[in-house]
>>> print(open('entry_16.tsv').read())   # TSV, C-alpha atoms
chain	number	residue	atom	x	y	z
P	14	MET	CA	227.94	-48.13	86.76
P	15	VAL	CA	227.16	-48.57	83.04
P	16	GLU	CA	229.80	-47.05	80.78
P	17	ALA	CA	228.57	-44.02	78.84
P	18	GLY	CA	228.95	-44.98	75.20
P	19	MET	CA	227.81	-43.76	71.81
P	20	VAL	CA	224.09	-43.20	71.40
P	21	ILE	CA	222.52	-42.82	67.96
P	22	VAL	CA	218.99	-41.45	67.64
P	23	GLY	CA	217.47	-42.66	64.38
P	24	ALA	CA	217.88	-46.14	62.92
P	25	GLY	CA	217.78	-45.32	59.23
P	26	GLN	CA	220.61	-45.46	56.71
P	27	GLY	CA	222.54	-42.60	58.32
P	28	GLY	CA	222.21	-43.79	61.91
P	29	LEU	CA	223.24	-47.32	61.01
P	30	GLN	CA	226.24	-45.98	59.10
P	31	VAL	CA	227.42	-44.07	62.17
P	32	ALA	CA	227.28	-47.29	64.20
P	33	GLU	CA	229.10	-49.33	61.54
P	34	SER	CA	231.76	-46.67	61.05
P	35	LEU	CA	232.42	-46.34	64.77
P	36	ARG	CA	233.33	-50.01	64.83
P	37	ALA	CA	235.35	-49.68	61.62
P	38	GLU	CA	237.25	-46.77	63.18
P	39	GLY	CA	238.23	-49.00	66.11
P	40	TYR	CA	235.77	-47.83	68.77
P	41	ASP	CA	235.18	-50.74	71.15
P	42	GLY	CA	232.75	-49.24	73.66
P	43	PRO	CA	228.95	-49.47	73.92
P	44	ILE	CA	226.82	-48.39	70.95
P	45	THR	CA	223.06	-47.97	71.19
P	46	LEU	CA	221.00	-47.41	68.05
P	47	ILE	CA	217.47	-46.14	68.71
P	48	GLY	CA	214.67	-46.25	66.12
P	49	GLU	CA	211.03	-45.19	66.38
P	50	GLU	CA	209.87	-47.72	63.79
P	51	ALA	CA	209.28	-51.35	64.70
P	52	SER	CA	211.51	-52.49	61.83
P	53	ALA	CA	215.27	-52.85	61.92
P	54	PRO	CA	217.16	-50.48	59.57
P	55	TYR	CA	215.97	-50.86	55.98
P	56	HIS	CA	216.55	-49.36	52.53
P	57	ARG	CA	214.09	-46.51	52.02
P	58	PRO	CA	214.41	-45.62	48.27
P	59	PRO	CA	212.70	-48.84	47.04
P	60	LEU	CA	209.52	-47.93	48.93
P	61	SER	CA	208.30	-45.65	46.14
P	62	LYS	CA	209.81	-47.80	43.41
P	63	ALA	CA	210.15	-51.60	43.60
P	64	ILE	CA	207.93	-52.13	46.66
P	65	LEU	CA	204.95	-50.33	45.12
P	66	ALA	CA	205.66	-51.94	41.77
P	67	GLY	CA	205.69	-55.38	43.41
P	68	THR	CA	209.13	-56.28	42.06
P	69	MET	CA	210.81	-56.52	45.48
P	70	GLU	CA	209.90	-58.43	48.62
P	71	GLU	CA	209.95	-56.65	51.96
P	72	ALA	CA	212.60	-59.05	53.25
P	73	GLN	CA	215.01	-57.62	50.68
P	74	LEU	CA	214.78	-54.17	52.26
P	75	ALA	CA	216.81	-55.07	55.35
P	76	ILE	CA	220.24	-53.42	55.35
P	77	ARG	CA	221.70	-55.81	57.94
P	78	GLY	CA	220.51	-59.04	59.52
P	79	ALA	CA	220.03	-59.60	63.25
P	80	GLU	CA	223.35	-61.46	63.48
P	81	PHE	CA	225.20	-58.32	62.37
P	82	PHE	CA	224.05	-56.34	65.41
P	83	GLU	CA	225.00	-59.19	67.72
P	84	ARG	CA	228.40	-59.63	66.11
P	85	GLN	CA	229.16	-55.89	66.21
P	86	ARG	CA	227.72	-55.52	69.72
P	87	ILE	CA	225.30	-52.80	68.68
P	88	ALA	CA	222.25	-52.57	70.93
P	89	LEU	CA	219.29	-51.95	68.61
P	90	LEU	CA	216.18	-50.48	70.26
P	91	THR	CA	213.27	-50.48	67.80
P	92	GLY	CA	209.83	-49.01	68.47
P	93	THR	CA	211.50	-46.61	70.88
P	94	ARG	CA	211.11	-42.84	70.97
P	95	VAL	CA	213.54	-40.34	72.52
P	96	ALA	CA	211.68	-37.67	74.48
P	97	ALA	CA	214.50	-35.22	75.23
P	98	ILE	CA	218.25	-34.61	75.28
P	99	ASP	CA	220.09	-33.14	78.25
P	100	ARG	CA	223.32	-31.80	76.78
P	101	PHE	CA	224.79	-30.75	80.10
P	102	ALA	CA	224.19	-34.06	81.89
P	103	ARG	CA	224.95	-35.87	78.61
P	104	HIS	CA	222.00	-38.21	78.56
P	105	VAL	CA	218.91	-38.87	76.49
P	106	ARG	CA	215.56	-39.58	78.09
P	107	LEU	CA	213.28	-42.12	76.44
P	108	GLU	CA	209.50	-41.80	76.42
P	109	ASP	CA	209.23	-44.85	78.69
P	110	GLY	CA	211.27	-43.00	81.32
P	111	ARG	CA	214.60	-44.73	80.80
P	112	ARG	CA	217.75	-42.64	80.63
P	113	LEU	CA	220.84	-43.38	78.56
P	114	ASP	CA	224.10	-41.61	79.28
P	115	TYR	CA	226.30	-40.84	76.32
P	116	ARG	CA	229.92	-40.08	75.60
P	117	GLY	CA	228.96	-39.04	72.08
P	118	LEU	CA	225.55	-38.55	70.50
P	119	ALA	CA	224.52	-38.77	66.84
P	120	LEU	CA	221.22	-37.38	65.61
P	121	ALA	CA	219.88	-39.17	62.53
P	122	THR	CA	216.24	-38.25	63.02
P	123	GLY	CA	215.46	-37.93	59.32
P	124	ALA	CA	212.37	-36.08	58.16
P	125	ARG	CA	208.61	-36.31	58.19
P	126	VAL	CA	206.10	-35.96	55.37
P	127	ARG	CA	205.00	-32.38	54.71
P	128	ARG	CA	201.27	-31.99	55.18
P	129	LEU	CA	198.82	-29.75	53.35
P	130	PRO	CA	197.11	-27.82	56.17
P	131	ILE	CA	194.31	-26.54	53.94
P	132	ILE	CA	192.85	-29.98	53.25
P	133	ASP	CA	191.23	-32.65	55.37
P	134	ASP	CA	193.81	-35.42	55.16
P	135	GLU	CA	192.03	-37.41	57.86
P	136	LEU	CA	189.78	-38.97	55.24
P	137	ASP	CA	190.39	-42.62	54.45
P	138	GLY	CA	192.29	-43.01	51.21
P	139	VAL	CA	194.58	-40.00	51.76
P	140	LEU	CA	198.15	-41.15	52.31
P	141	GLY	CA	201.74	-39.96	52.35
P	142	LEU	CA	204.89	-41.98	51.76
P	143	ARG	CA	207.91	-41.98	54.03
P	144	SER	CA	208.07	-45.27	55.92
P	145	LEU	CA	207.61	-48.98	55.25
P	146	ASP	CA	204.21	-48.84	56.94
P	147	ASP	CA	203.23	-46.00	54.57
P	148	ALA	CA	204.30	-48.09	51.57
P	149	ARG	CA	202.27	-51.05	52.83
P	150	ARG	CA	199.18	-48.86	53.14
P	151	ILE	CA	199.61	-47.37	49.67
P	152	ARG	CA	200.27	-50.76	48.09
P	153	ALA	CA	197.13	-52.18	49.69
P	154	ALA	CA	195.15	-49.12	48.56
P	155	LEU	CA	196.44	-49.52	44.99
P	156	ASP	CA	195.06	-53.07	44.99
P	157	ARG	CA	191.57	-51.62	45.55
P	158	ALA	CA	191.83	-48.33	43.66
P	159	THR	CA	190.58	-47.31	40.24
P	160	ARG	CA	191.39	-43.58	40.15
P	161	VAL	CA	194.51	-42.19	41.82
P	162	VAL	CA	195.36	-38.53	42.34
P	163	VAL	CA	198.92	-37.63	43.26
P	164	ILE	CA	199.34	-34.19	44.82
P	165	GLY	CA	202.84	-32.95	44.06
P	166	GLY	CA	205.10	-33.43	41.07
P	167	GLY	CA	208.39	-34.18	42.79
P	168	TYR	CA	210.30	-37.43	42.45
P	169	ILE	CA	208.27	-39.33	45.07
P	170	GLY	CA	205.00	-38.24	43.49
P	171	LEU	CA	206.19	-39.18	40.01
P	172	GLU	CA	207.42	-42.59	41.16
P	173	VAL	CA	204.08	-43.31	42.85
P	174	ALA	CA	202.26	-42.17	39.71
P	175	ALA	CA	204.38	-44.48	37.57
P	176	ALA	CA	203.73	-47.46	39.86
P	177	ALA	CA	199.98	-46.79	39.79
P	178	ARG	CA	199.87	-46.32	36.03
P	179	LYS	CA	201.80	-49.56	35.44
P	180	ARG	CA	198.94	-51.29	37.28
P	181	GLY	CA	196.54	-49.86	34.69
P	182	LEU	CA	194.92	-47.34	37.06
P	183	GLU	CA	193.68	-43.88	36.07
P	184	VAL	CA	196.28	-41.43	37.39
P	185	THR	CA	196.26	-37.64	37.72
P	186	ILE	CA	199.20	-35.57	38.96
P	187	LEU	CA	198.32	-32.17	40.44
P	188	GLU	CA	201.33	-29.84	40.65
P	189	ALA	CA	200.89	-26.31	42.00
P	190	ALA	CA	203.98	-24.95	40.22
P	191	GLY	CA	204.21	-24.26	36.52
P	192	ARG	CA	206.28	-27.38	35.90
P	193	LEU	CA	207.16	-30.71	37.46
P	194	LEU	CA	210.25	-31.10	39.67
P	195	ALA	CA	210.34	-27.35	40.23
P	196	ARG	CA	212.63	-27.57	43.28
P	197	SER	CA	214.94	-30.34	42.14
P	198	ALA	CA	215.47	-30.43	38.37
P	199	THR	CA	216.08	-28.21	35.38
P	200	PRO	CA	213.21	-27.11	33.11
P	201	PHE	CA	214.62	-29.36	30.39
P	202	LEU	CA	214.47	-32.49	32.57
P	203	ALA	CA	211.06	-31.48	33.92
P	204	GLY	CA	209.79	-31.23	30.35
P	205	PHE	CA	211.13	-34.69	29.57
P	206	TYR	CA	209.27	-36.19	32.54
P	207	THR	CA	206.07	-34.32	31.72
P	208	ASP	CA	206.13	-35.84	28.23
P	209	LEU	CA	207.06	-39.26	29.64
P	210	HIS	CA	204.08	-39.40	32.01
P	211	ARG	CA	201.61	-37.95	29.54
P	212	GLY	CA	202.83	-40.49	27.00
P	213	GLN	CA	201.94	-43.23	29.51
P	214	GLY	CA	198.40	-41.89	29.82
P	215	VAL	CA	198.83	-39.90	33.05
P	216	MET	CA	196.91	-36.63	33.33
P	217	VAL	CA	199.52	-34.04	34.35
P	218	GLU	CA	197.93	-30.81	35.59
P	219	LEU	CA	200.36	-27.92	36.14
P	220	GLY	CA	199.51	-24.75	38.08
P	221	ALA	CA	196.90	-26.84	39.89
P	222	LYS	CA	196.47	-25.54	43.43
P	223	VAL	CA	194.59	-27.95	45.69
P	224	VAL	CA	191.97	-26.22	47.85
P	225	ALA	CA	189.93	-29.08	49.29
P	226	LEU	CA	189.24	-32.79	49.43
P	227	ASP	CA	185.73	-34.14	49.07
P	228	GLY	CA	184.60	-37.25	50.86
P	229	GLN	CA	181.64	-39.48	51.49
P	230	GLY	CA	181.22	-41.77	54.45
P	231	GLY	CA	184.63	-40.74	55.75
P	232	ARG	CA	186.39	-41.73	52.52
P	233	VAL	CA	187.94	-39.46	49.90
P	234	THR	CA	186.04	-39.14	46.61
P	235	ALA	CA	187.66	-36.18	44.84
P	236	VAL	CA	190.28	-33.44	44.96
P	237	ARG	CA	189.20	-29.87	44.20
P	238	THR	CA	191.52	-27.27	42.71
P	239	ALA	CA	191.42	-23.47	42.72
P	240	ASP	CA	190.15	-23.34	39.14
P	241	GLY	CA	186.90	-24.91	40.29
P	242	ARG	CA	187.54	-28.37	38.88
P	243	SER	CA	186.96	-31.61	40.76
P	244	HIS	CA	189.27	-34.57	40.16
P	245	PRO	CA	187.63	-37.90	41.13
P	246	ALA	CA	189.79	-40.17	43.29
P	247	ASP	CA	189.49	-43.21	45.52
P	248	LEU	CA	193.15	-42.87	46.50
P	249	VAL	CA	195.06	-39.62	47.05
P	250	VAL	CA	198.81	-39.67	47.65
P	251	VAL	CA	200.25	-36.43	49.02
P	252	GLY	CA	203.84	-35.97	47.87
P	253	VAL	CA	204.69	-32.33	48.53
P	254	GLY	CA	208.07	-32.85	50.12
P	255	ILE	CA	209.47	-33.55	53.56
P	256	VAL	CA	210.31	-31.48	56.62
P	257	PRO	CA	213.55	-32.12	58.55
P	258	ASP	CA	212.83	-33.55	61.99
P	259	THR	CA	214.74	-31.10	64.17
P	260	ALA	CA	212.51	-31.21	67.27
P	261	LEU	CA	215.05	-32.93	69.53
P	262	ALA	CA	217.88	-30.71	68.32
P	263	GLU	CA	215.87	-27.54	68.83
P	264	GLY	CA	214.67	-28.78	72.21
P	265	CYS	CA	218.22	-29.03	73.53
P	266	GLY	CA	219.34	-25.70	72.02
P	267	LEU	CA	221.31	-26.83	68.95
P	268	ALA	CA	221.40	-24.39	66.05
P	269	CYS	CA	218.91	-25.23	63.29
P	270	ASP	CA	218.08	-23.50	60.02
P	271	GLY	CA	216.19	-25.68	57.57
P	272	GLY	CA	217.84	-28.62	59.33
P	273	VAL	CA	220.32	-29.24	62.14
P	274	LEU	CA	223.34	-27.11	61.21
P	275	VAL	CA	226.50	-29.17	60.71
P	276	ASP	CA	229.92	-28.75	59.13
P	277	ASP	CA	231.51	-31.03	56.52
P	278	CYS	CA	232.32	-33.53	59.29
P	279	GLY	CA	228.76	-33.67	60.64
P	280	ARG	CA	229.63	-31.71	63.79
P	281	THR	CA	227.04	-29.49	65.48
P	282	GLY	CA	227.84	-26.62	67.82
P	283	ASP	CA	228.17	-29.14	70.67
P	284	PRO	CA	231.47	-31.07	70.49
P	285	ALA	CA	229.75	-34.21	71.82
P	286	ILE	CA	226.94	-34.20	69.25
P	287	VAL	CA	226.95	-34.87	65.51
P	288	ALA	CA	224.04	-35.07	63.06
P	289	VAL	CA	223.61	-36.86	59.74
P	290	GLY	CA	221.17	-37.42	56.91
P	291	ASP	CA	217.90	-35.74	55.97
P	292	CYS	CA	217.65	-33.82	59.24
P	293	THR	CA	220.81	-31.80	58.54
P	294	ALA	CA	221.81	-28.67	56.64
P	295	ARG	CA	225.39	-27.74	55.77
P	296	ARG	CA	226.84	-24.26	55.28
P	297	THR	CA	228.72	-24.20	51.98
P	298	GLY	CA	231.79	-22.17	51.07
P	299	THR	CA	229.54	-19.51	49.51
P	300	GLY	CA	227.55	-19.16	52.73
P	301	THR	CA	224.40	-20.83	51.42
P	302	LEU	CA	222.71	-23.72	53.18
P	303	LEU	CA	222.72	-27.13	51.52
P	304	ARG	CA	220.36	-29.92	52.52
P	305	LEU	CA	220.64	-33.16	50.59
P	306	GLU	CA	218.04	-35.95	50.65
P	307	SER	CA	219.95	-38.98	49.41
P	308	VAL	CA	221.40	-42.32	50.43
P	309	GLN	CA	224.88	-41.10	49.53
P	310	ASN	CA	224.55	-38.10	51.84
P	311	ALA	CA	223.36	-40.26	54.74
P	312	VAL	CA	226.15	-42.80	54.25
P	313	GLU	CA	229.00	-40.34	53.76
P	314	GLN	CA	227.86	-38.05	56.56
P	315	GLY	CA	227.59	-41.13	58.76
P	316	LYS	CA	231.23	-42.00	58.08
P	317	SER	CA	232.34	-38.42	58.70
P	318	ALA	CA	230.30	-38.08	61.88
P	319	ALA	CA	231.64	-41.32	63.36
P	320	ALA	CA	235.19	-40.09	62.80
P	321	ALA	CA	234.28	-36.74	64.39
P	322	LEU	CA	232.93	-38.45	67.52
P	323	LEU	CA	236.36	-40.03	67.88
P	324	GLY	CA	238.17	-36.72	67.39
P	325	ARG	CA	239.21	-37.37	63.78
P	326	GLU	CA	238.77	-35.37	60.58
P	327	ARG	CA	236.97	-36.97	57.64
P	328	PRO	CA	235.10	-34.25	55.76
P	329	PHE	CA	232.42	-35.23	53.25
P	330	THR	CA	232.95	-33.12	50.14
P	331	ALA	CA	232.14	-35.47	47.23
P	332	ALA	CA	229.71	-34.42	44.52
P	333	PRO	CA	226.16	-35.43	45.53
P	334	TRP	CA	224.31	-38.07	43.51
P	335	PHE	CA	220.74	-39.29	43.34
P	336	TRP	CA	218.52	-41.58	41.24
P	337	SER	CA	214.91	-42.20	40.28
P	338	ASP	CA	213.14	-45.13	38.56
P	339	GLN	CA	209.96	-44.47	36.56
P	340	TYR	CA	208.55	-46.91	34.01
P	341	ASP	CA	211.54	-48.14	31.96
P	342	VAL	CA	213.53	-44.98	32.65
P	343	LYS	CA	216.38	-44.83	35.16
P	344	LEU	CA	217.53	-41.31	35.96
P	345	GLN	CA	220.92	-40.85	37.64
P	346	ILE	CA	221.99	-37.39	38.75
P	347	VAL	CA	225.38	-36.18	39.93
P	348	GLY	CA	226.15	-32.64	41.03
P	349	LEU	CA	223.88	-29.62	41.48
P	350	SER	CA	222.56	-27.95	38.34
P	351	ALA	CA	220.63	-25.07	39.93
P	352	ASP	CA	222.94	-22.22	38.80
P	353	HIS	CA	224.11	-23.57	35.45
P	354	ASP	CA	224.43	-21.19	32.49
P	355	ARG	CA	224.86	-23.76	29.71
P	356	MET	CA	223.55	-27.23	28.92
P	357	VAL	CA	224.69	-29.68	26.24
P	358	LEU	CA	223.27	-33.07	25.34
P	359	ARG	CA	224.88	-36.39	24.60
P	360	GLY	CA	222.39	-38.86	23.15
P	361	ALA	CA	218.76	-38.36	22.17
P	362	PRO	CA	215.85	-37.62	24.55
P	363	GLU	CA	213.39	-39.13	22.05
P	364	ASP	CA	215.22	-42.45	22.48
P	365	ARG	CA	214.98	-42.18	26.30
P	366	ARG	CA	218.75	-42.55	26.41
P	367	PHE	CA	220.75	-39.36	26.92
P	368	SER	CA	222.83	-37.29	29.32
P	369	ALA	CA	222.47	-33.57	29.94
P	370	PHE	CA	225.74	-31.90	30.98
P	371	TYR	CA	225.44	-28.62	32.89
P	372	PHE	CA	228.17	-25.98	33.03
P	373	ARG	CA	228.68	-22.77	34.96
P	374	GLU	CA	231.28	-20.30	33.68
P	375	GLY	CA	232.78	-23.12	31.60
P	376	ALA	CA	233.08	-25.60	34.49
P	377	LEU	CA	231.06	-28.81	34.72
P	378	VAL	CA	228.65	-28.69	37.69
P	379	ALA	CA	226.14	-31.51	37.11
P	380	ILE	CA	225.01	-34.33	34.82
P	381	ASP	CA	221.54	-35.84	34.41
P	382	SER	CA	221.80	-39.29	32.82
P	383	VAL	CA	218.75	-41.16	31.53
P	384	ASN	CA	219.38	-44.85	30.82
P	385	ARG	CA	223.12	-44.11	30.41
P	386	PRO	CA	224.73	-45.51	33.58
P	387	THR	CA	228.27	-45.33	32.21
P	388	ASP	CA	227.97	-41.56	31.74
P	389	HIS	CA	226.83	-41.29	35.36
P	390	MET	CA	229.67	-43.32	36.82
P	391	VAL	CA	232.28	-41.44	34.78
P	392	GLY	CA	230.57	-38.17	35.64
P	393	ARG	CA	230.98	-38.78	39.36
P	394	LYS	CA	234.72	-39.10	38.83
P	395	LEU	CA	234.81	-36.02	36.59
P	396	LEU	CA	233.12	-33.86	39.22
P	397	ASP	CA	235.07	-35.21	42.19
P	398	ARG	CA	238.35	-34.61	40.35
P	399	LYS	CA	237.19	-31.27	38.91
P	400	ALA	CA	238.23	-32.50	35.48
P	401	ALA	CA	238.46	-29.87	32.72
P	402	LEU	CA	235.69	-31.19	30.48
P	403	THR	CA	234.52	-28.66	27.89
P	404	PRO	CA	230.94	-28.35	26.61
P	405	GLU	CA	232.17	-29.30	23.14
P	406	GLN	CA	233.76	-32.51	24.45
P	407	ALA	CA	230.63	-33.38	26.43
P	408	ALA	CA	228.43	-33.04	23.34
P	409	ASP	CA	230.76	-35.11	21.15
P	410	GLU	CA	229.76	-38.80	21.35
P	411	THR	CA	233.16	-39.80	20.00
P	412	PHE	CA	235.07	-38.07	22.82
P	413	PRO	CA	236.03	-40.60	25.55
P	414	LEU	CA	234.88	-39.05	28.81
P	415	ALA	CA	236.85	-41.59	30.84
P	416	SER	CA	240.10	-40.28	29.39
P	417	LEU	CA	239.83	-37.27	31.71
P	418	THR	CA	239.62	-39.45	34.84
P	419	ARG	CA	242.91	-41.31	34.42
>>> encode(input="entry_16.tsv", output="structure tokens")
Amino acid sequence: MVEAGMVIVGAGQGGLQVAESLRAEGYDGPITLIGEEASAPYHRPPLSKAILAGTMEEAQLAIRGAEFFERQRIALLTGTRVAAIDRFARHVRLEDGRRLDYRGLALATGARVRRLPIIDDELDGVLGLRSLDDARRIRAALDRATRVVVIGGGYIGLEVAAAARKRGLEVTILEAAGRLLARSATPFLAGFYTDLHRGQGVMVELGAKVVALDGQGGRVTAVRTADGRSHPADLVVVGVGIVPDTALAEGCGLACDGGVLVDDCGRTGDPAIVAVGDCTARRTGTGTLLRLESVQNAVEQGKSAAAALLGRERPFTAAPWFWSDQYDVKLQIVGLSADHDRMVLRGAPEDRRFSAFYFREGALVAIDSVNRPTDHMVGRKLLDRKAALTPEQAADETFPLASLTR
């Protein structure tokens, strides 16, 4: 009889963190980490940044070396797909027919690239970016390309556009909404990035609804928009967001709503199953659903979920943070600015070095920092400690923000 241990489905940042945290919490039983990709767990954010820019080698992406898994006695199954979960028998069935019993199960299935159903994305030269293999294909395509069209003005699309433009390629961004970053940033920040890309020679087309792709000989040649225009392209990168991969969770009857529903400890409705990372959605205190796509979320949920599998409480409640690299601009975000009612600036946008502080009913809720890393690090402490920073203090360069964190 093989002891039923902890099984983790998904070998990304979140899944690996669950495995590491189980050992850190003192769990000494079997741990199996299952990943669909052939690669061992790797850092995903550099794919659209340093990997495309050619400033990082693939070997630097690995989160842990092979000796780590041996030392921690974590069985890593790469290139392996889970076909189904039987919650009542407490086992997972692999596509090759094998069955793994579990004492506790963690779902870290991540997300998949959202597709545009109205276009023929089977043409050569039409790519999305989510995995290392995707990044390899885009990087190779950039080596051959002259004209690049990016569909979607979110962070991934903008980072790809920046990498292509830095290579000297002709780049067009087609965004269906009236501004860039419509789902993830304030109008002020979106305006800054619109000016940044246009200043680098990128054609930024807003309100541009894609209706078709044209091709010749099975290869893409242009992107058509609803206004009748045709945008020539020998490479098209589709960056219109991701969709949480909830298929396994739904298949075994777990509650899902824009993600696998979890609490602040990563627990699902089944006491033996937790979920972490991009595949999850959390119910907030106001009743709204929150789904975060970030390394911090995957790591902290992984720690919380590991504790939950061992019957312990470790809620993840810290302010969320994110980052983006484009050209010589590093953006660092902390908090959620969606419902702010006031914004103040520290620094100057024209210098590409500033922080935007967002307040709601007088309370600080988020900070966007551009090339001001100190503001970001202090801001994380301010939000986590709910420090009483006023808009006037935030706007005053002489006021020491760190004084409120002591």
>>> residues_around(input="entry_16.tsv", residues="Leu395 of chain P", least_positions_apart="6", cutoff="9 Å", atoms="only C-alpha atoms", output="list in words")
Leu377, Ala401, Leu402, Leu414, Ala415, Leu417 and Thr418 of chain P
>>> atom_distance(input="entry_16.tsv", atom1="atom CA of Gly348 of chain P", atom2="atom CA of Trp334 of chain P")
6.2 Å
>>> closest_atom_pairs(input="entry_16.tsv", of="segment 43-123 of chain P", to="segment 138-153 of chain P", cutoff="12 Å", atoms="all atoms listed in the file", output="JSON lines")
{"residue": "P:Glu49", "atom": "CA", "partner": "P:Ser144", "partner_atom": "CA", "distance": 10.9}
{"residue": "P:Glu50", "atom": "CA", "partner": "P:Ser144", "partner_atom": "CA", "distance": 8.4}
{"residue": "P:Ala51", "atom": "CA", "partner": "P:Asp146", "partner_atom": "CA", "distance": 9.6}
{"residue": "P:Ser52", "atom": "CA", "partner": "P:Leu145", "partner_atom": "CA", "distance": 8.4}
{"residue": "P:Ala53", "atom": "CA", "partner": "P:Leu145", "partner_atom": "CA", "distance": 10.9}
{"residue": "P:Pro54", "atom": "CA", "partner": "P:Leu145", "partner_atom": "CA", "distance": 10.6}
{"residue": "P:Tyr55", "atom": "CA", "partner": "P:Leu145", "partner_atom": "CA", "distance": 8.6}
{"residue": "P:His56", "atom": "CA", "partner": "P:Leu145", "partner_atom": "CA", "distance": 9.4}
{"residue": "P:Arg57", "atom": "CA", "partner": "P:Ser144", "partner_atom": "CA", "distance": 7.3}
{"residue": "P:Pro58", "atom": "CA", "partner": "P:Arg143", "partner_atom": "CA", "distance": 9.4}
{"residue": "P:Pro59", "atom": "CA", "partner": "P:Ala148", "partner_atom": "CA", "distance": 9.6}
{"residue": "P:Leu60", "atom": "CA", "partner": "P:Ala148", "partner_atom": "CA", "distance": 5.9}
{"residue": "P:Ser61", "atom": "CA", "partner": "P:Ala148", "partner_atom": "CA", "distance": 7.2}
{"residue": "P:Lys62", "atom": "CA", "partner": "P:Ala148", "partner_atom": "CA", "distance": 9.9}
{"residue": "P:Ala63", "atom": "CA", "partner": "P:Ala148", "partner_atom": "CA", "distance": 10.5}
{"residue": "P:Ile64", "atom": "CA", "partner": "P:Ala148", "partner_atom": "CA", "distance": 7.3}
{"residue": "P:Leu65", "atom": "CA", "partner": "P:Arg152", "partner_atom": "CA", "distance": 5.6}
{"residue": "P:Ala66", "atom": "CA", "partner": "P:Arg152", "partner_atom": "CA", "distance": 8.4}
{"residue": "P:Gly67", "atom": "CA", "partner": "P:Arg152", "partner_atom": "CA", "distance": 8.5}
{"residue": "P:Glu70", "atom": "CA", "partner": "P:Arg149", "partner_atom": "CA", "distance": 11.4}
{"residue": "P:Glu71", "atom": "CA", "partner": "P:Leu145", "partner_atom": "CA", "distance": 8.7}
{"residue": "P:Ala72", "atom": "CA", "partner": "P:Leu145", "partner_atom": "CA", "distance": 11.4}
{"residue": "P:Leu74", "atom": "CA", "partner": "P:Leu145", "partner_atom": "CA", "distance": 9.3}
{"residue": "P:Ala75", "atom": "CA", "partner": "P:Leu145", "partner_atom": "CA", "distance": 11.0}
{"residue": "P:Gly123", "atom": "CA", "partner": "P:Arg143", "partner_atom": "CA", "distance": 10.1}
>>> write_last_selection(input="entry_16.tsv", atoms="C-alpha atoms", output="short mmCIF file (atom, residue, chain, number, x, y, z; two decimals), in the coordinates of the input")
data_model
loop_
_atom_site.label_atom_id
_atom_site.label_comp_id
_atom_site.auth_asym_id
_atom_site.auth_seq_id
_atom_site.Cartn_x
_atom_site.Cartn_y
_atom_site.Cartn_z
CA GLU P 49 211.03 -45.19 66.38
CA GLU P 50 209.87 -47.72 63.79
CA ALA P 51 209.28 -51.35 64.70
CA SER P 52 211.51 -52.49 61.83
CA ALA P 53 215.27 -52.85 61.92
CA PRO P 54 217.16 -50.48 59.57
CA TYR P 55 215.97 -50.86 55.98
CA HIS P 56 216.55 -49.36 52.53
CA ARG P 57 214.09 -46.51 52.02
CA PRO P 58 214.41 -45.62 48.27
CA PRO P 59 212.70 -48.84 47.04
CA LEU P 60 209.52 -47.93 48.93
CA SER P 61 208.30 -45.65 46.14
CA LYS P 62 209.81 -47.80 43.41
CA ALA P 63 210.15 -51.60 43.60
CA ILE P 64 207.93 -52.13 46.66
CA LEU P 65 204.95 -50.33 45.12
CA ALA P 66 205.66 -51.94 41.77
CA GLY P 67 205.69 -55.38 43.41
CA GLU P 70 209.90 -58.43 48.62
CA GLU P 71 209.95 -56.65 51.96
CA ALA P 72 212.60 -59.05 53.25
CA LEU P 74 214.78 -54.17 52.26
CA ALA P 75 216.81 -55.07 55.35
CA GLY P 123 215.46 -37.93 59.32
#
>>> residues_around(input="entry_16.tsv", residues="Pro130 of chain P", least_positions_apart="4", cutoff="12 Å", atoms="all atoms listed in the file", output="VMD selection string")
chain P and resid 134 to 135 223 to 226 251 253
>>> write_last_selection(input="entry_16.tsv", atoms="C-alpha atoms", output="PDB file, keeping the file's coordinate frame")
ATOM      1  CA  ASP P 134     193.810 -35.420  55.160  1.00  0.00           C
ATOM      2  CA  GLU P 135     192.030 -37.410  57.860  1.00  0.00           C
ATOM      3  CA  VAL P 223     194.590 -27.950  45.690  1.00  0.00           C
ATOM      4  CA  VAL P 224     191.970 -26.220  47.850  1.00  0.00           C
ATOM      5  CA  ALA P 225     189.930 -29.080  49.290  1.00  0.00           C
ATOM      6  CA  LEU P 226     189.240 -32.790  49.430  1.00  0.00           C
ATOM      7  CA  VAL P 251     200.250 -36.430  49.020  1.00  0.00           C
ATOM      8  CA  VAL P 253     204.690 -32.330  48.530  1.00  0.00           C
TER       9      VAL P 253
END
>>> residues_around(input="entry_16.tsv", residues="segment 80-96 of chain P", least_positions_apart="6", cutoff="9 Å", atoms="only C-alpha atoms", output="short mmCIF file (atom, residue, chain, number, x, y, z; two decimals) with C-alpha atoms, keeping the file's coordinate frame")
data_model
loop_
_atom_site.label_atom_id
_atom_site.label_comp_id
_atom_site.auth_asym_id
_atom_site.auth_seq_id
_atom_site.Cartn_x
_atom_site.Cartn_y
_atom_site.Cartn_z
CA VAL P 22 218.99 -41.45 67.64
CA ALA P 24 217.88 -46.14 62.92
CA ALA P 32 227.28 -47.29 64.20
CA GLU P 33 229.10 -49.33 61.54
CA ARG P 36 233.33 -50.01 64.83
CA ASP P 41 235.18 -50.74 71.15
CA GLY P 42 232.75 -49.24 73.66
CA PRO P 43 228.95 -49.47 73.92
CA ILE P 44 226.82 -48.39 70.95
CA THR P 45 223.06 -47.97 71.19
CA LEU P 46 221.00 -47.41 68.05
CA ILE P 47 217.47 -46.14 68.71
CA GLY P 48 214.67 -46.25 66.12
CA GLU P 49 211.03 -45.19 66.38
CA GLU P 50 209.87 -47.72 63.79
CA ALA P 51 209.28 -51.35 64.70
CA SER P 52 211.51 -52.49 61.83
CA ALA P 53 215.27 -52.85 61.92
CA VAL P 105 218.91 -38.87 76.49
CA ARG P 106 215.56 -39.58 78.09
CA LEU P 107 213.28 -42.12 76.44
CA GLU P 108 209.50 -41.80 76.42
CA ASP P 109 209.23 -44.85 78.69
CA GLY P 110 211.27 -43.00 81.32
CA LEU P 261 215.05 -32.93 69.53
#
